[in-house]
Amino acid sequence: MTKAFTDTPAGSPVGRSVAHESAPLHVTGKARYVDDLPELAGTLHAAIGQSTCARGRLVKLDLEAVKAYPGVRCVLTAQDIPGENNCGPVLHDDPLLASDEILFYGQVLFAVAADTREAAREAVRLARVDYAAVPPILDIDAAVAAESWVLPPFSLERGAVADAFGKASHTLKGKASVGGQEHFYLEGQISYAQPREDQSLHVICSTQHPSEMQVLIGHCLGWHAHQISVECRRMGGAFGGKESQSAQWACLASLLAVRTGCPVKLRLDRDEDMTATGKRHGFQYEWESAFDDDGRILGVKLTMASNCGYSADLSGSVNDRAICHIDNTYYLDAVSLRSLRCKTNTVSNTAFRGFGGPQGMFFIESAIDDIARHLGIDPLLVRQRNFYASEPGGARATTHYGMPVNDNVAPALVTQLASDCDYAARREAITEFNRHSPVIKRGLALTPVKFGISFNATHLNQAGALVHVYTDGTVLVSHGGTEMGQGLYTKIRQVVAHEFGLALDAVRLAATDTSKVANTSATAASSGSDLNGKAAQAACQNIKIRLAAFVVEQCQGKITAAEIRFENGRVQAGPRDAPLFDQGFPELVMSAYRARIQLWDSGFYRTPKIHFDPISKLGRPFYYFAYGAAATEVAIDTLTGETRVLRTDILHDAGRSINPALDIGQIEGGFVQGMGWLTSEELWWRTEGPQAGRLMTHAPSTYKIPTASDVPEVFNVRLYDNANVEESIHRSKAVGEPPFMLALSVFFAIRDAVGACLPAGQAVALSAPATPEAILRAIQHDAAPLAAQQLLEEIADGA
């Protein structure tokens, strides 16, 4: 069992590995997702009609046959939207339904509501559509050449870049690319809109951001927010794909429901989901690094371009976070950076676990790896030489965007992991193995992570909660966070039970609902527990203050509020062996109720200390950093390009973990998902012909996520003993996104193995995902035949 590092009392649920609150429901199939809910009488089912053109103008949209299909009750086009035809969360550049301009292959043209889902899906196929097609822009190179941007390019200068390059002993140029990634949540996009009395609407939606759904539904209907409520009890996965991109489906379901007066459910199938929703942003990099003989970076020049798709969506913030993570754990004294936000005729890319952070780190880890290979130094040593200073306030303790690094545990954490996983001895053993193995090559990499925790957009760092204590001593909690399997509800339950000194089964979580807690932020940026945990704690403390005052009054001033303890289902004051007051929590609550003491309250939390200028990209955007490191060993087959991950050791900083079991699960899952992004998950669009712009990897048959057989054969995951230096909830640290970037160790281990096939010092031209084809290209055309010839010679010698 994972060791728990906690400062809470022995009887507290905080810091303990308790089961996920929905685990019994999950494993018995009783957990209700949106599509499992009983349908109201008269429920209609919706389907969408999509474009088969990537770029152009809509010339003709003939829907007569669609309308005439049996069971069809409503056909919705852009002209039927009473309010704003937009689901863009920031810029109003993302139409719900195409009206004239076609922006990508798969764009929604119209929606149908019918008596059955089958009837709706059959009907949409009868549409007759004509386009005036224009050659689409489908990749970053084409967008840069056309100067096609969703947002203006941004430049950042920090330090004396020219001087750094002038005095450097070495300079290197490099280029790389990393692909996008499909979210592939198990539960697809779904919304169920239910009209209510007096021109109001309730929407049950699989979304990370109920409040934004409420706002955008209001905009498309021309309604006010108080007419709409949005509810989400749980999602079957999200990973960022249901932060902004759930809005289109919530809005279309709502429009159809209001237009027909009937409940309407809209559920995409997997092909529709993958062709109509955004992905992780793919990035391309060109850089030049200046460094000394020891591999210490003196300066960096970087152009970083991202594929944003056809609209802005959240691309501004994604690229801003990428800028804030080009350093990872390394001090950059002089930086010249240009960030390009490219507009292409593909789906509008969006939030995905890490939100630009992984793409920023990919660059610096590539640059470090190149430097190490150029100098003939172990990459781990080069990484360690470039770390931020361990002590705050020093010359090497400020980021390129002006934030002090006050909590740098990366040097100590990496040193511990390198020792624990026997890095040095394994490095020697792998070198010796490769010397005698012509076909199978092994590689090893140990990569660190420093990930900033908070939304870059400062105003989003707030949360609210509502706590009800009932007269039998049980507690119901509502808050603004959403549960997508990560265990947020479980951690909030632990926090509330700890505050009142209750057993976990005395606390229950209500579904997240905008009619209970208003104006909430998305459950994203790894901040769900930080924000909502603090808000729920504040609500509990407000109630406890009143209960404590009541106890003091009952004791006629013989005790003070500071002496009162809420522990083990009781409320006590005075010495533990002879308390002056001792009563069960349910009894005290009933007495307080009879004395007309308020037994419910709200709580609010805003993250302190943070500030960020969205124009200059300078400030302190993050409350703290989460750290981690992973050491991974791989083997590649130089004849086929196939890869196997042999062993991974992870040491991760979760602060004082609220629930070590959940955090370990997040670390393992994040790592494997990141491994998929960097190895097997390749998005591919047609580039020529009448289907140019069509996504061909639109199903599990063509898009390959990791399976159980891809998990490392040896997989060691441990938590690092460290308390958060900031006053987070119980000094814990966020753990949703940071582990994703631990998978960089897999890619750079593969890079190390590829390097073993090449002459010493030769650059490794490997981009991600490192598919078998990419690995063979990186080995180069003459390396694989040479390995094959060596193998044949060995076989002949053996015979």
# chains A, B, ... in the order shown; residues from 1 in each chain; ligands from 1
>>> residues_around(residues="region 162-179 of chain A", least_positions_apart="2", cutoff="8 Å", atoms="only C-alpha atoms", output="PyMOL selection string")
chain A and resi 160+181+281-293+298-299+334+359+362-363+366-367+370-371+677-678+682-683+765-769
>>> write_last_selection(atoms="N, CA, C and O atoms", output="CSV table (one decimal), in the first residue's frame")
chain,number,residue,atom,x,y,z
A,160,ALA,N,19.5,39.3,-22.3
A,160,ALA,CA,20.3,39.8,-23.3
A,160,ALA,C,20.6,38.6,-24.3
A,160,ALA,O,21.6,37.9,-24.2
A,181,GLN,N,-3.9,15.1,-30.4
A,181,GLN,CA,-4.4,13.9,-29.7
A,181,GLN,C,-5.9,14.0,-29.5
A,181,GLN,O,-6.5,15.0,-29.1
A,281,HIS,N,-3.7,20.5,-29.4
A,281,HIS,CA,-3.0,21.2,-30.4
A,281,HIS,C,-1.7,20.5,-30.8
A,281,HIS,O,-0.9,20.2,-29.9
A,282,GLY,N,-1.6,20.3,-32.1
A,282,GLY,CA,-0.2,19.9,-32.6
A,282,GLY,C,0.7,21.1,-32.6
A,282,GLY,O,0.2,22.2,-32.9
A,283,PHE,N,2.0,20.9,-32.4
A,283,PHE,CA,2.9,22.0,-32.4
A,283,PHE,C,4.1,21.7,-33.3
A,283,PHE,O,4.5,20.5,-33.5
A,284,GLN,N,4.7,22.8,-33.9
A,284,GLN,CA,6.0,22.7,-34.6
A,284,GLN,C,6.9,23.7,-34.0
A,284,GLN,O,6.5,24.8,-33.5
A,285,TYR,N,8.2,23.3,-33.9
A,285,TYR,CA,9.2,24.2,-33.3
A,285,TYR,C,10.5,24.3,-34.2
A,285,TYR,O,10.9,23.3,-34.8
A,286,GLU,N,11.0,25.5,-34.2
A,286,GLU,CA,12.3,25.7,-34.8
A,286,GLU,C,13.1,26.6,-33.7
A,286,GLU,O,12.5,27.6,-33.3
A,287,TRP,N,14.3,26.1,-33.4
A,287,TRP,CA,15.0,26.8,-32.3
A,287,TRP,C,16.5,26.9,-32.6
A,287,TRP,O,17.0,26.1,-33.4
A,288,GLU,N,17.1,27.7,-31.8
A,288,GLU,CA,18.6,27.8,-31.7
A,288,GLU,C,19.0,28.0,-30.3
A,288,GLU,O,18.4,28.8,-29.6
A,289,SER,N,19.9,27.2,-29.8
A,289,SER,CA,20.3,27.2,-28.4
A,289,SER,C,21.8,27.6,-28.3
A,289,SER,O,22.6,27.2,-29.1
A,290,ALA,N,22.1,28.4,-27.3
A,290,ALA,CA,23.5,28.8,-27.0
A,290,ALA,C,23.8,28.2,-25.6
A,290,ALA,O,23.1,28.3,-24.7
A,291,PHE,N,25.0,27.5,-25.5
A,291,PHE,CA,25.3,26.8,-24.3
A,291,PHE,C,26.9,26.7,-24.1
A,291,PHE,O,27.6,26.9,-25.1
A,292,ASP,N,27.3,26.5,-22.9
A,292,ASP,CA,28.7,26.4,-22.6
A,292,ASP,C,29.2,24.9,-22.7
A,292,ASP,O,28.4,24.0,-23.1
A,293,ASP,N,30.5,24.7,-22.4
A,293,ASP,CA,31.0,23.3,-22.5
A,293,ASP,C,30.4,22.3,-21.6
A,293,ASP,O,30.5,21.1,-21.8
A,298,LEU,N,22.7,29.2,-22.2
A,298,LEU,CA,22.9,30.6,-22.0
A,298,LEU,C,21.8,31.4,-22.7
A,298,LEU,O,21.5,32.5,-22.2
A,299,GLY,N,21.2,30.9,-23.7
A,299,GLY,CA,20.2,31.6,-24.4
A,299,GLY,C,19.4,30.7,-25.4
A,299,GLY,O,20.0,29.7,-25.8
A,334,ALA,N,18.1,34.0,-21.0
A,334,ALA,CA,17.9,34.9,-22.2
A,334,ALA,C,17.0,34.1,-23.2
A,334,ALA,O,17.4,33.0,-23.7
A,359,GLN,N,3.2,20.6,-24.6
A,359,GLN,CA,3.9,21.1,-25.8
A,359,GLN,C,5.0,22.0,-25.5
A,359,GLN,O,6.0,22.0,-26.2
A,362,PHE,N,7.9,19.8,-24.3
A,362,PHE,CA,8.5,19.0,-25.4
A,362,PHE,C,9.7,19.7,-26.1
A,362,PHE,O,10.7,19.1,-26.4
A,363,PHE,N,9.5,21.0,-26.3
A,363,PHE,CA,10.6,21.8,-26.9
A,363,PHE,C,11.9,21.7,-26.1
A,363,PHE,O,12.9,21.4,-26.6
A,366,SER,N,13.6,18.5,-25.9
A,366,SER,CA,14.3,18.2,-27.1
A,366,SER,C,15.6,18.9,-27.2
A,366,SER,O,16.6,18.4,-27.7
A,367,ALA,N,15.6,20.2,-26.9
A,367,ALA,CA,16.8,21.0,-26.9
A,367,ALA,C,17.9,20.5,-26.0
A,367,ALA,O,19.1,20.4,-26.4
A,370,ASP,N,19.4,17.3,-27.4
A,370,ASP,CA,20.3,17.6,-28.5
A,370,ASP,C,21.7,18.1,-28.0
A,370,ASP,O,22.7,17.8,-28.5
A,371,ILE,N,21.6,19.0,-27.0
A,371,ILE,CA,22.8,19.5,-26.4
A,371,ILE,C,23.7,18.4,-25.8
A,371,ILE,O,24.9,18.3,-26.0
A,677,TRP,N,0.0,9.7,-26.5
A,677,TRP,CA,0.2,10.9,-27.3
A,677,TRP,C,1.6,10.9,-28.0
A,677,TRP,O,1.7,11.3,-29.2
A,678,LEU,N,2.6,10.4,-27.3
A,678,LEU,CA,3.9,10.5,-27.8
A,678,LEU,C,4.4,9.3,-28.6
A,678,LEU,O,5.5,9.3,-29.2
A,682,GLU,N,-1.9,8.8,-33.6
A,682,GLU,CA,-1.6,9.7,-34.7
A,682,GLU,C,-2.8,10.1,-35.4
A,682,GLU,O,-3.6,9.2,-35.8
A,683,LEU,N,-3.0,11.4,-35.5
A,683,LEU,CA,-4.2,11.9,-36.3
A,683,LEU,C,-3.8,12.1,-37.7
A,683,LEU,O,-2.7,12.6,-38.0
A,765,ALA,N,16.6,12.9,-35.5
A,765,ALA,CA,15.5,13.6,-36.1
A,765,ALA,C,14.2,12.8,-35.9
A,765,ALA,O,13.7,12.2,-36.8
A,766,LEU,N,13.8,12.8,-34.7
A,766,LEU,CA,12.5,12.0,-34.3
A,766,LEU,C,11.5,13.0,-33.8
A,766,LEU,O,11.8,13.7,-32.8
A,767,SER,N,10.3,13.0,-34.4
A,767,SER,CA,9.3,13.8,-33.9
A,767,SER,C,8.2,12.9,-33.3
A,767,SER,O,8.2,11.7,-33.5
A,768,ALA,N,7.2,13.5,-32.6
A,768,ALA,CA,6.2,12.7,-32.0
A,768,ALA,C,4.9,12.8,-32.8
A,768,ALA,O,4.6,13.9,-33.3
A,769,PRO,N,4.0,11.8,-32.8
A,769,PRO,CA,4.2,10.5,-32.1
A,769,PRO,C,5.3,9.6,-32.7
A,769,PRO,O,5.5,9.6,-34.0
>>> closest_atom_pairs(of="region 83-189 of chain A", to="region 320-328 of chain A", cutoff="12 Å", atoms="only C-alpha atoms", output="JSON lines")
{"residue": "A:Leu151", "atom": "CA", "partner": "A:Asp320", "partner_atom": "CA", "distance": 11.7}
{"residue": "A:Pro153", "atom": "CA", "partner": "A:Asp320", "partner_atom": "CA", "distance": 11.3}
{"residue": "A:Phe154", "atom": "CA", "partner": "A:Asp320", "partner_atom": "CA", "distance": 9.4}
{"residue": "A:Ser155", "atom": "CA", "partner": "A:Ile323", "partner_atom": "CA", "distance": 10.1}
{"residue": "A:Leu156", "atom": "CA", "partner": "A:Ile323", "partner_atom": "CA", "distance": 9.0}
{"residue": "A:Glu157", "atom": "CA", "partner": "A:Ile323", "partner_atom": "CA", "distance": 11.7}
>>> select_by_dssp(residues="region 594-790 of chain A", states="strand (DSSP E)", output="PyMOL selection string")
chain A and resi 600-606+611-613+618-620+624-637+643-652+714-719
>>> closest_atom_pairs(of="region 676-746 of chain A", to="region 400-417 of chain A", cutoff="12 Å", atoms="only C-alpha atoms", output="CSV")
residue,atom,partner,partner_atom,distance
A:Asn716,CA,A:Leu417,CA,10.8
A:Val717,CA,A:Leu417,CA,10.6
A:Arg718,CA,A:Leu417,CA,9.8
A:Leu719,CA,A:Leu413,CA,10.3
A:Tyr720,CA,A:Leu413,CA,7.3
A:Asp721,CA,A:Leu413,CA,9.3
A:Asn722,CA,A:Val409,CA,8.5
A:Ala723,CA,A:Asp407,CA,10.0
A:Asn724,CA,A:Asp407,CA,8.1
A:Val725,CA,A:Asp407,CA,6.6
A:Glu726,CA,A:Asp407,CA,9.0
>>> closest_atom_pairs(of="region 258-331 of chain A", to="region 187-193 of chain A", cutoff="12 Å", atoms="only C-alpha atoms", output="tab-separated table")
residue	atom	partner	partner_atom	distance
A:Val258	CA	A:Ala193	CA	8.7
A:Arg259	CA	A:Ala193	CA	11.4
A:Thr260	CA	A:Ala193	CA	11.2
A:Gly261	CA	A:Ala193	CA	10.2
A:Cys262	CA	A:Ala193	CA	8.5
A:Pro263	CA	A:Ala193	CA	5.6
A:Val264	CA	A:Ala193	CA	5.3
A:Lys265	CA	A:Tyr192	CA	4.2
A:Leu266	CA	A:Ser191	CA	5.4
A:Arg267	CA	A:Ile190	CA	4.4
A:Leu268	CA	A:Gln189	CA	5.8
A:Asp269	CA	A:Gly188	CA	7.0
A:Arg270	CA	A:Gly188	CA	6.8
A:Asp271	CA	A:Gly188	CA	10.1
A:Glu272	CA	A:Gly188	CA	9.5
A:Asp273	CA	A:Gly188	CA	6.7
A:Met274	CA	A:Gly188	CA	9.3
A:Ala276	CA	A:Gln189	CA	10.3
A:Thr277	CA	A:Gln189	CA	9.1
A:Gly278	CA	A:Gln189	CA	11.9
>>> residues_around(residues="Leu201 (chain A)", least_positions_apart="3", cutoff="8 Å", atoms="only C-alpha atoms", output="short mmCIF file (atom, residue, chain, number, x, y, z; two decimals) with C-alpha atoms, in the first residue's frame")
data_model
loop_
_atom_site.label_atom_id
_atom_site.label_comp_id
_atom_site.auth_asym_id
_atom_site.auth_seq_id
_atom_site.Cartn_x
_atom_site.Cartn_y
_atom_site.Cartn_z
CA ALA A 193 -32.55 19.42 -22.63
CA GLN A 194 -35.84 19.47 -20.74
CA PRO A 195 -38.29 22.39 -21.13
CA ARG A 196 -39.90 23.54 -17.90
CA GLN A 227 -34.14 30.83 -17.09
CA ILE A 228 -31.62 28.01 -17.55
CA SER A 229 -30.11 25.47 -15.19
CA SER A 254 -31.70 23.27 -26.12
#
>>> select_by_dssp(residues="region 249-338 of chain A", states="helix (DSSP H, G or I)", output="NGL selection string")
:A and (249-260 or 270-276 or 315-323)
>>> residues_around(residues="Ser521 (chain A)", least_positions_apart="2", cutoff="8 Å", atoms="only C-alpha atoms", output="VMD selection string")
chain A and resid 209 211 460 to 463 480 to 481 519 523
>>> residues_around(residues="Ile48 (chain A)", least_positions_apart="2", cutoff="8 Å", atoms="only C-alpha atoms", output="VMD selection string")
chain A and resid 46 50 108 to 112 121 124
>>> residues_around(residues="region 620-622 of chain A", least_positions_apart="4", cutoff="8 Å", atoms="only C-alpha atoms", output="VMD selection string")
chain A and resid 401 to 404 452 to 458 609 to 612
>>> write_last_selection(atoms="N, CA and C atoms", output="PDB file, in the first residue's frame")
ATOM      1  N   TYR A 401       8.937  34.410 -17.471  1.00  0.00           N
ATOM      2  CA  TYR A 401       7.755  35.271 -17.443  1.00  0.00           C
ATOM      3  C   TYR A 401       7.635  36.023 -16.118  1.00  0.00           C
ATOM      4  N   GLY A 402       8.711  36.002 -15.333  1.00  0.00           N
ATOM      5  CA  GLY A 402       8.805  36.872 -14.165  1.00  0.00           C
ATOM      6  C   GLY A 402       8.307  36.309 -12.865  1.00  0.00           C
ATOM      7  N   MET A 403       8.048  35.013 -12.777  1.00  0.00           N
ATOM      8  CA  MET A 403       7.538  34.422 -11.543  1.00  0.00           C
ATOM      9  C   MET A 403       8.671  33.801 -10.746  1.00  0.00           C
ATOM     10  N   PRO A 404       8.800  34.159  -9.469  1.00  0.00           N
ATOM     11  CA  PRO A 404       9.813  33.518  -8.624  1.00  0.00           C
ATOM     12  C   PRO A 404       9.488  32.031  -8.423  1.00  0.00           C
ATOM     13  N   GLY A 452       2.820  24.463 -13.522  1.00  0.00           N
ATOM     14  CA  GLY A 452       2.163  25.525 -12.770  1.00  0.00           C
ATOM     15  C   GLY A 452       0.700  25.240 -12.521  1.00  0.00           C
ATOM     16  N   ILE A 453       0.249  25.482 -11.284  1.00  0.00           N
ATOM     17  CA  ILE A 453      -1.132  25.185 -10.891  1.00  0.00           C
ATOM     18  C   ILE A 453      -1.898  26.482 -10.650  1.00  0.00           C
ATOM     19  N   SER A 454      -2.874  26.686 -11.483  1.00  0.00           N
ATOM     20  CA  SER A 454      -3.878  27.757 -11.486  1.00  0.00           C
ATOM     21  C   SER A 454      -4.245  28.004 -12.937  1.00  0.00           C
ATOM     22  N   PHE A 455      -5.399  28.624 -13.151  1.00  0.00           N
ATOM     23  CA  PHE A 455      -5.754  29.079 -14.486  1.00  0.00           C
ATOM     24  C   PHE A 455      -4.864  30.266 -14.852  1.00  0.00           C
ATOM     25  N   ASN A 456      -4.369  30.302 -16.101  1.00  0.00           N
ATOM     26  CA  ASN A 456      -3.638  31.493 -16.556  1.00  0.00           C
ATOM     27  C   ASN A 456      -4.533  32.730 -16.501  1.00  0.00           C
ATOM     28  N   ALA A 457      -5.817  32.553 -16.823  1.00  0.00           N
ATOM     29  CA  ALA A 457      -6.786  33.649 -16.724  1.00  0.00           C
ATOM     30  C   ALA A 457      -7.155  33.806 -15.248  1.00  0.00           C
ATOM     31  N   THR A 458      -6.628  34.853 -14.617  1.00  0.00           N
ATOM     32  CA  THR A 458      -6.702  34.991 -13.159  1.00  0.00           C
ATOM     33  C   THR A 458      -8.127  34.937 -12.630  1.00  0.00           C
ATOM     34  N   LYS A 609      -2.484  35.591  -4.246  1.00  0.00           N
ATOM     35  CA  LYS A 609      -1.114  35.879  -4.713  1.00  0.00           C
ATOM     36  C   LYS A 609      -0.921  35.910  -6.226  1.00  0.00           C
ATOM     37  N   ILE A 610      -1.896  35.453  -6.994  1.00  0.00           N
ATOM     38  CA  ILE A 610      -1.661  35.310  -8.427  1.00  0.00           C
ATOM     39  C   ILE A 610      -2.046  36.576  -9.197  1.00  0.00           C
ATOM     40  N   HIS A 611      -1.338  36.801 -10.292  1.00  0.00           N
ATOM     41  CA  HIS A 611      -1.638  37.906 -11.209  1.00  0.00           C
ATOM     42  C   HIS A 611      -0.892  37.618 -12.512  1.00  0.00           C
ATOM     43  N   PHE A 612      -1.493  37.993 -13.621  1.00  0.00           N
ATOM     44  CA  PHE A 612      -0.876  37.716 -14.912  1.00  0.00           C
ATOM     45  C   PHE A 612      -1.390  38.716 -15.930  1.00  0.00           C
TER      46      PHE A 612
END
>>> residues_around(residues="Gln208 (chain A)", least_positions_apart="4", cutoff="9 Å", atoms="only C-alpha atoms", output="number ranges by chain")
A: 232, 235, 238, 240-244, 246, 481-484, 521-524
>>> write_last_selection(atoms="C-alpha atoms", output="mmCIF file, in the first residue's frame")
data_model
loop_
_atom_site.group_PDB
_atom_site.id
_atom_site.type_symbol
_atom_site.label_atom_id
_atom_site.label_comp_id
_atom_site.auth_asym_id
_atom_site.auth_seq_id
_atom_site.Cartn_x
_atom_site.Cartn_y
_atom_site.Cartn_z
ATOM 1 C CA CYS A 232 -23.857 17.277 -14.248
ATOM 2 C CA MET A 235 -18.921 12.236 -16.801
ATOM 3 C CA ALA A 238 -13.409 14.369 -20.322
ATOM 4 C CA GLY A 240 -10.453 18.851 -21.368
ATOM 5 C CA GLY A 241 -12.658 17.802 -24.283
ATOM 6 C CA LYS A 242 -15.818 18.752 -22.396
ATOM 7 C CA GLU A 243 -14.645 22.131 -21.123
ATOM 8 C CA SER A 244 -15.739 24.311 -24.047
ATOM 9 C CA SER A 246 -19.704 20.406 -24.881
ATOM 10 C CA GLY A 481 -16.652 21.227 -9.543
ATOM 11 C CA THR A 482 -17.546 18.343 -11.815
ATOM 12 C CA GLU A 483 -16.723 14.660 -11.429
ATOM 13 C CA MET A 484 -15.209 12.993 -14.479
ATOM 14 C CA SER A 521 -15.260 27.955 -13.262
ATOM 15 C CA ALA A 522 -14.526 24.888 -15.325
ATOM 16 C CA THR A 523 -13.167 21.845 -13.557
ATOM 17 C CA ALA A 524 -9.839 22.175 -15.308
#
>>> atom_distance(atom1="CA of Ile667 (chain A)", atom2="CA of Glu365 (chain A)")
20.2 Å
>>> closest_residue(among="A:Leu44, A:Cys74, A:Ile140, A:Leu37", to="Cys205 (chain A)", atoms="only C-alpha atoms")
A:Leu37
>>> atom_distance(atom1="CA of Asp577 (chain A)", atom2="CA of Val551 (chain A)")
18.7 Å
>>> decode(residues="region 208-219 of chain A", atoms="C-alpha atoms", output="PDB file, in the first residue's frame")
ATOM      1  CA  GLN A 208     -16.682  20.201 -17.270  1.00  0.00           C
ATOM      2  CA  HIS A 209     -18.171  23.697 -17.291  1.00  0.00           C
ATOM      3  CA  PRO A 210     -21.900  23.886 -16.415  1.00  0.00           C
ATOM      4  CA  SER A 211     -21.850  27.666 -15.949  1.00  0.00           C
ATOM      5  CA  GLU A 212     -20.441  28.276 -19.421  1.00  0.00           C
ATOM      6  CA  MET A 213     -23.070  25.955 -20.870  1.00  0.00           C
ATOM      7  CA  GLN A 214     -25.722  28.042 -19.081  1.00  0.00           C
ATOM      8  CA  VAL A 215     -24.358  31.266 -20.552  1.00  0.00           C
ATOM      9  CA  LEU A 216     -23.994  30.008 -24.133  1.00  0.00           C
ATOM     10  CA  ILE A 217     -27.415  28.335 -24.128  1.00  0.00           C
ATOM     11  CA  GLY A 218     -28.841  31.667 -23.024  1.00  0.00           C
ATOM     12  CA  HIS A 219     -27.068  33.462 -25.859  1.00  0.00           C
TER      13      HIS A 219
END
